[in-house]
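Student: Below is the file upload18.txt, with compact mmCIF, C-alpha atoms.
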# COMPACT_ATOMS: atom_id res chain seq x y z
CA MET R 1 23.22 -4.04 12.10
CA SER R 2 20.76 -2.79 9.46
CA ARG R 3 17.08 -2.32 9.97
CA THR R 4 14.10 -2.21 7.62
CA LEU R 5 12.03 0.92 8.03
CA SER R 6 8.79 1.90 6.36
CA PHE R 7 7.07 5.24 5.92
CA ALA R 8 3.75 4.03 7.39
CA PRO R 9 4.60 4.44 11.11
CA LEU R 10 6.20 7.81 10.37
CA LEU R 11 3.12 9.07 8.55
CA ILE R 12 0.92 7.98 11.42
CA GLY R 13 3.09 9.78 13.94
CA VAL R 14 3.34 13.08 12.01
CA ILE R 15 0.34 15.42 11.95
CA LEU R 16 -0.43 16.86 8.51
CA VAL R 17 -2.06 20.28 8.30
CA ALA R 18 -2.57 23.06 5.78
CA PRO R 19 -0.16 26.02 5.81
CA THR R 20 -2.98 28.36 6.85
CA LEU R 21 -3.29 26.47 10.12
CA LEU R 22 0.37 27.08 10.83
CA VAL R 23 -0.03 30.79 10.23
CA THR R 24 -3.04 31.18 12.49
CA SER R 25 -1.98 28.78 15.27
CA GLN R 26 -1.49 30.33 18.65
CA GLY R 27 1.80 29.96 20.47
CA THR R 28 5.43 30.06 19.47
CA SER R 29 6.79 28.05 16.56
CA GLN R 30 10.26 26.63 16.00
CA LYS R 31 11.74 25.12 12.85
CA ARG R 32 12.81 21.49 13.04
CA THR R 33 14.45 18.96 10.71
CA LEU R 34 12.46 15.96 9.48
CA ILE R 35 14.45 12.72 9.04
CA LEU R 36 13.07 9.94 6.82
CA ASN R 37 14.69 6.51 7.02
CA GLY R 38 17.74 8.05 8.66
CA GLN R 39 18.21 10.75 6.04
CA SER R 40 17.71 14.46 6.58
CA THR R 41 15.12 16.12 4.32
CA ASN R 42 14.13 19.60 3.23
CA VAL R 43 10.52 19.04 4.27
CA PRO R 44 9.41 22.09 6.30
CA LEU R 45 8.59 20.99 9.84
CA ILE R 46 7.38 23.41 12.46
CA GLU R 47 6.67 22.74 16.10
CA VAL R 48 3.71 24.65 17.47
CA SER R 49 2.83 24.35 21.14
CA GLY R 50 4.81 21.15 21.40
CA ARG R 51 3.20 19.44 18.37
CA PRO R 52 4.96 18.79 15.00
CA TYR R 53 3.44 19.90 11.69
CA VAL R 54 4.74 19.33 8.15
CA ASP R 55 3.89 20.63 4.69
CA LEU R 56 1.79 17.94 2.99
CA GLU R 57 2.94 18.63 -0.56
CA ALA R 58 6.62 18.69 0.45
CA LEU R 59 6.23 15.41 2.32
CA THR R 60 4.55 13.84 -0.71
CA LYS R 61 7.54 14.77 -2.89
CA ALA R 62 10.03 13.52 -0.28
CA ILE R 63 8.51 10.02 -0.27
CA ASN R 64 7.91 9.96 -4.05
CA GLY R 65 4.20 9.77 -3.40
CA SER R 66 1.12 11.13 -5.08
CA LEU R 67 -1.33 13.67 -3.66
CA SER R 68 -4.85 13.89 -5.05
CA SER R 69 -7.83 15.98 -4.00
CA SER R 70 -11.54 16.08 -4.65
CA GLY R 71 -13.59 18.70 -2.88
CA ASP R 72 -12.72 18.55 0.83
CA MET R 73 -10.98 15.17 0.49
CA PHE R 74 -7.23 14.61 0.08
CA ALA R 75 -5.62 11.25 -0.70
CA LEU R 76 -1.90 10.61 -0.13
CA SER R 77 -0.49 7.50 -1.82
CA PHE R 78 3.01 6.07 -1.73
CA SER R 79 4.72 2.82 -2.65
CA VAL R 80 5.56 0.28 0.06
CA SER R 81 6.60 -2.53 -2.29
CA PRO R 82 9.45 -4.78 -1.15
CA THR R 83 11.56 -3.69 -4.14
CA ASN R 84 11.79 -0.19 -2.69
CA SER R 85 12.55 -1.31 0.82
CA THR R 86 15.87 -1.89 2.50
CA PRO R 87 16.69 -5.63 2.35
CA SER R 88 16.01 -7.55 5.51
CA ALA R 89 19.04 -8.56 7.56
CA SER R 90 19.60 -11.29 10.06
CA VAL R 91 19.97 -10.13 13.64
CA SER R 92 22.43 -12.09 15.71
CA GLY R 93 21.29 -12.94 19.21
CA PRO R 94 23.25 -14.13 22.23
CA ALA R 95 25.89 -16.82 21.67
CA GLY R 96 24.32 -20.18 20.93
CA SER R 97 20.99 -18.76 19.84
CA ALA R 98 19.64 -18.93 16.30
CA PRO R 99 19.52 -15.69 14.30
CA THR R 100 16.10 -14.12 13.90
CA ALA R 101 15.15 -12.73 10.50
CA GLN R 102 13.23 -9.47 10.42
CA THR R 103 9.92 -9.60 8.62
CA GLN R 104 8.78 -7.05 6.09
CA THR R 105 5.34 -5.48 6.07
CA THR R 106 3.38 -6.18 2.90
CA PRO R 107 0.45 -4.09 1.66
CA SER R 108 -3.04 -5.28 2.51
CA ASN R 109 -4.91 -7.21 -0.19
CA GLN R 110 -7.64 -4.62 0.20
CA ALA R 111 -5.35 -1.68 -0.64
CA PHE R 112 -5.82 0.32 -3.85
CA SER R 113 -3.04 0.91 -6.34
CA LYS R 114 -1.99 4.54 -6.75
CA GLN R 115 -3.03 4.67 -10.39
CA PHE R 116 -6.52 3.35 -9.70
CA LEU R 117 -7.00 5.60 -6.67
CA ASP R 118 -6.19 8.68 -8.77
CA ALA R 119 -8.53 7.54 -11.56
CA GLY R 120 -11.29 6.70 -9.08
CA ILE R 121 -11.10 10.11 -7.40
CA GLU R 122 -11.31 11.79 -10.80
CA GLN R 123 -14.39 9.75 -11.69
CA MET R 124 -16.11 10.55 -8.39
CA SER R 125 -15.43 14.24 -8.95
CA THR R 126 -17.03 14.07 -12.41
CA LEU R 127 -20.07 12.19 -11.11
CA ARG R 128 -20.50 14.77 -8.37
CA GLU R 129 -20.40 17.60 -10.93
CA TRP R 130 -22.98 15.75 -13.04
CA HIS R 131 -25.26 15.36 -10.03
CA ALA R 132 -24.79 19.00 -9.01
CA ALA R 133 -25.79 20.18 -12.49
CA LEU R 134 -28.92 18.01 -12.45
CA ALA R 135 -29.87 19.11 -8.93
CA SER R 136 -29.36 22.80 -9.74
CA ALA R 137 -31.60 22.57 -12.81
CA ILE R 138 -34.38 20.83 -10.86
CA GLN R 139 -34.22 23.19 -7.89
CA ASN R 140 -34.24 26.30 -10.07
CA GLY R 141 -36.83 25.11 -12.59
CA ILE R 142 -34.38 25.12 -15.51
CA PRO R 143 -35.67 23.09 -18.50
CA LEU R 144 -33.72 19.83 -18.70
CA ALA R 145 -32.44 18.43 -21.97
CA ALA R 146 -30.29 15.39 -22.74
CA SER R 147 -27.93 17.56 -24.80
CA TRP R 148 -27.31 19.85 -21.81
CA LEU R 149 -26.21 16.98 -19.54
CA ALA R 150 -24.47 15.00 -22.30
CA PRO R 151 -20.97 16.47 -21.66
CA TYR R 152 -21.08 15.27 -18.03
CA LYS R 153 -22.09 11.77 -19.10
CA ALA R 154 -19.40 11.67 -21.79
CA GLN R 155 -16.67 12.70 -19.34
CA ALA R 156 -17.87 10.19 -16.75
CA THR R 157 -17.84 7.46 -19.41
CA THR R 158 -14.24 8.29 -20.30
CA ASN R 159 -13.13 8.43 -16.66
CA LEU R 160 -14.81 5.11 -15.91
CA ARG R 161 -12.87 3.51 -18.76
CA LEU R 162 -9.62 4.97 -17.41
CA ALA R 163 -10.40 3.56 -13.96
CA GLU R 164 -11.05 0.14 -15.48
CA VAL R 165 -7.69 0.19 -17.28
CA ALA R 166 -5.89 1.35 -14.11
CA ALA R 167 -7.33 -1.47 -11.97
CA VAL R 168 -4.63 -4.04 -11.13
CA THR R 169 -5.24 -5.27 -7.57
CA PRO R 170 -8.23 -7.27 -6.27
CA ALA R 171 -9.33 -4.17 -4.35
CA ASP R 172 -9.13 -2.08 -7.54
CA HIS R 173 -11.35 -4.49 -9.46
CA SER R 174 -13.88 -4.70 -6.62
CA ALA R 175 -14.08 -0.92 -6.30
CA TYR R 176 -14.40 -0.55 -10.06
CA GLN R 177 -17.62 -2.57 -9.94
CA LEU R 178 -19.03 -0.07 -7.44
CA LEU R 179 -17.84 2.89 -9.51
CA ASN R 180 -19.63 1.38 -12.50
CA LYS R 181 -22.77 0.88 -10.40
CA GLU R 182 -22.69 4.53 -9.32
CA PHE R 183 -22.22 5.59 -12.95
CA GLN R 184 -25.22 3.51 -14.01
CA ASN R 185 -27.39 4.95 -11.22
CA MET R 186 -26.41 8.50 -12.14
CA GLY R 187 -27.32 7.80 -15.76
CA LYS R 188 -30.73 6.42 -14.75
CA LEU R 189 -31.37 9.40 -12.45
CA SER R 190 -30.46 11.89 -15.16
CA ASP R 191 -32.56 10.17 -17.84
CA LYS R 192 -35.50 9.94 -15.45
CA TYR R 193 -35.84 13.71 -15.06
CA VAL R 194 -34.94 14.53 -18.66
CA ASN R 195 -37.79 12.25 -19.78
CA ARG R 196 -40.18 13.83 -17.30
CA ARG R 197 -39.39 17.25 -18.71
CA ALA R 198 -39.83 15.95 -22.26
CA ASP R 199 -43.30 14.63 -21.29
CA LEU R 200 -44.11 18.04 -19.77
CA THR R 201 -44.50 16.42 -16.35
CA TYR R 202 -44.24 18.85 -13.45
CA ILE R 203 -41.01 18.48 -11.50
CA SER R 204 -41.06 19.78 -7.95
CA PRO R 205 -37.92 21.66 -6.82
CA ASP R 206 -37.52 19.18 -3.96
CA SER R 207 -38.06 16.07 -6.11
CA LEU R 208 -34.57 14.71 -5.46
CA ASP R 209 -35.11 14.84 -1.71
CA ASN R 210 -37.84 12.23 -1.99
CA ASP R 211 -36.28 10.16 -4.77
CA ASP R 212 -35.09 6.71 -3.66
CA LEU R 213 -32.73 6.37 -6.61
CA ASN R 214 -31.14 9.70 -5.74
CA GLN R 215 -30.71 8.71 -2.10
CA ARG R 216 -29.05 5.43 -3.12
CA SER R 217 -26.72 7.30 -5.43
CA LEU R 218 -25.74 9.74 -2.68
CA ALA R 219 -25.13 6.90 -0.21
CA CYS R 220 -22.95 5.08 -2.73
CA GLY R 221 -20.97 8.25 -3.38
CA ARG R 222 -20.30 8.72 0.34
CA SER R 223 -19.15 5.10 0.61
CA LEU R 224 -16.76 5.47 -2.33
CA ARG R 225 -15.29 8.68 -0.92
CA SER R 226 -14.75 6.97 2.42
CA MET R 227 -12.87 4.14 0.70
CA ALA R 228 -10.75 6.62 -1.23
CA ALA R 229 -9.85 8.41 2.00
CA SER R 230 -8.78 5.17 3.69
CA GLY R 231 -7.08 3.77 0.59
CA GLU R 232 -8.72 0.38 1.07
CA PHE R 233 -11.78 -1.42 -0.27
CA VAL R 234 -14.61 -1.85 2.23
CA ASP R 235 -18.05 -2.69 0.82
CA ASP R 236 -20.70 -1.50 3.26
CA GLY R 237 -23.56 -2.39 0.91
CA SER R 238 -24.39 1.23 0.00
CA CYS R 239 -23.78 0.66 -3.71
CA SER R 240 -25.70 -2.61 -4.00
Transcribe the structure of this file into structure tokens.
Tutor:
Amino acid sequence: MSRTLSFAPLLIGVILVAPTLLVTSQGTSQKRTLILNGQSTNVPLIEVSGRPYVDLEALTKAINGSLSSSGDMFALSFSVSPTNSTPSASVSGPAGSAPTAQTQTTPSNQAFSKQFLDAGIEQMSTLREWHAALASAIQNGIPLAASWLAPYKAQATTNLRLAEVAAVTPADHSAYQLLNKEFQNMGKLSDKYVNRRADLTYISPDSLDNDDLNQRSLACGRSLRSMAASGEFVDDGSCS
């Protein structure tokens, strides 16, 4: 009798930690073998105080996944398409009973594609760098100029285009609209303070703290990062 297995339950049951945690953990550690879909792997697995830990990068390679990072956020993506799954088989029951077909789990309609998730994380990283440069200039009284911030805007424009091309699922297209909204807000925020400097208007070091547009941009960024971490589209209204 054959069974259809997926990586999702396994990933939920295995705790992923950084190697530094394994080095500093208290208690004895023992090496173990990780089995995926009935096959032994070379993924390092160590048991510390009765709890299993695996190397995240090694696990990503073992499942042919993709690991992306942005700041303190890591996103692990892997394919769960039916074409990569073991075919379903009929399971015979007691004599006289009809066979029951196993059902396969299909990805949620709200799930992001791997390509779009990678492109979206890259765009969010660029927008965050753009915002950090603007904030640093304002807080330290550095004269702002459009030419100084232009490289950030150019890179964000390119990354936004790449995200648009990578969008294939309904969730991808919905999230792209929010990425575009965040890009537009960041452009307006940047132009706002560049124009103030050009008009010789005094800019207080804490101006961004009291700026509604800045607060909306930050809220939208947090919402997008949360979606990237979960791998699914959830519009909480922060980017509206």
Student: Between CA of Leu213 in chain R and CA of Val165 in chain R, measure the distance and give it in Å to one decimal.
Tutor: 27.9 Å
Student: Between R:Pro143, R:Leu34, R:Leu179, R:Ser230, which one has atoms that come closest to Leu200 in chain R, using all atoms listed in the file?
Tutor: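 The answer is R:Pro143, which sits nearest to Leu200 in chain R.
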Student: One number please: CA of Ser223 in chain R to CA of Ser238 in chain R, in Å, one decimal.
Tutor: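 Taking CA of Ser223 in chain R as the start and CA of Ser238 in chain R as the end point, the length is 6.5 Å.
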Student: Can you measure CA of Asp55 in chain R to CA of Ile121 in chain R for me? One decimal in Å is fine.
Tutor: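 Going from CA of Asp55 in chain R over to CA of Ile121 in chain R covers 21.9 Å.
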Student: Determine, counting all atoms listed in the file, which protein, DNA and RNA residues have an atom within 12 Å of an atom of Ser207 in chain R; residues of the same chain fewer than 5 positions away are not included. Present the result as a PDB file with C-alpha atoms, in the coordinates of the input.
Tutor:
ATOM      1  CA  LEU R 134     -28.920  18.010 -12.450  1.00  0.00           C
ATOM      2  CA  ALA R 135     -29.870  19.110  -8.930  1.00  0.00           C
ATOM      3  CA  SER R 136     -29.360  22.800  -9.740  1.00  0.00           C
ATOM      4  CA  ALA R 137     -31.600  22.570 -12.810  1.00  0.00           C
ATOM      5  CA  ILE R 138     -34.380  20.830 -10.860  1.00  0.00           C
ATOM      6  CA  GLN R 139     -34.220  23.190  -7.890  1.00  0.00           C
ATOM      7  CA  ASN R 140     -34.240  26.300 -10.070  1.00  0.00           C
ATOM      8  CA  GLY R 141     -36.830  25.110 -12.590  1.00  0.00           C
ATOM      9  CA  LEU R 189     -31.370   9.400 -12.450  1.00  0.00           C
ATOM     10  CA  LYS R 192     -35.500   9.940 -15.450  1.00  0.00           C
ATOM     11  CA  TYR R 193     -35.840  13.710 -15.060  1.00  0.00           C
ATOM     12  CA  ARG R 196     -40.180  13.830 -17.300  1.00  0.00           C
ATOM     13  CA  TYR R 202     -44.240  18.850 -13.450  1.00  0.00           C
ATOM     14  CA  ASP R 212     -35.090   6.710  -3.660  1.00  0.00           C
ATOM     15  CA  LEU R 213     -32.730   6.370  -6.610  1.00  0.00           C
ATOM     16  CA  ASN R 214     -31.140   9.700  -5.740  1.00  0.00           C
ATOM     17  CA  GLN R 215     -30.710   8.710  -2.100  1.00  0.00           C
TER      18      GLN R 215
END
Student: (-21.9, 7.5, -6.0) in this file's frame - what residues fall within 9 Å of it? Use all atoms listed in the file and give the answer as a list of chain:residue names.
Tutor: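 Checked against the point, the hits come out as R:Met124, R:Leu127, R:Arg128, R:Leu178, R:Leu179, R:Lys181, R:Glu182, R:Phe183, R:Asn185, R:Met186, R:Arg216, R:Ser217, R:Leu218, R:Ala219, R:Cys220, R:Gly221, R:Arg222, R:Ser223, R:Leu224, R:Arg225, R:Cys239.
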Student: In file coordinates, which residues lie within 9 Å of (-12.5, 8.0, -6.8) using all atoms listed in the file, given as a list in words?
Tutor: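 Protein and nucleic acid residues near the point are Ser70, Phe116, Leu117, Asp118, Ala119, Gly120, Ile121, Glu122, Gln123, Met124, Ser125, Ala163, Leu179, Leu224, Arg225, Met227 and Ala228 of chain R.
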Student: Nearest to Asp199 in chain R: which of R:Ala133, R:Pro44, R:Phe112, R:Leu144 is it, counting all atoms listed in the file?
Tutor: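 The shortest atom-to-atom distance to Asp199 in chain R comes from R:Leu144.
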Student: Of the residues R:Ile46, R:Ile142, R:Ala175, R:Ala198, which is the one nearest to Ser226 in chain R, using all atoms listed in the file?
Tutor: R:Ala175
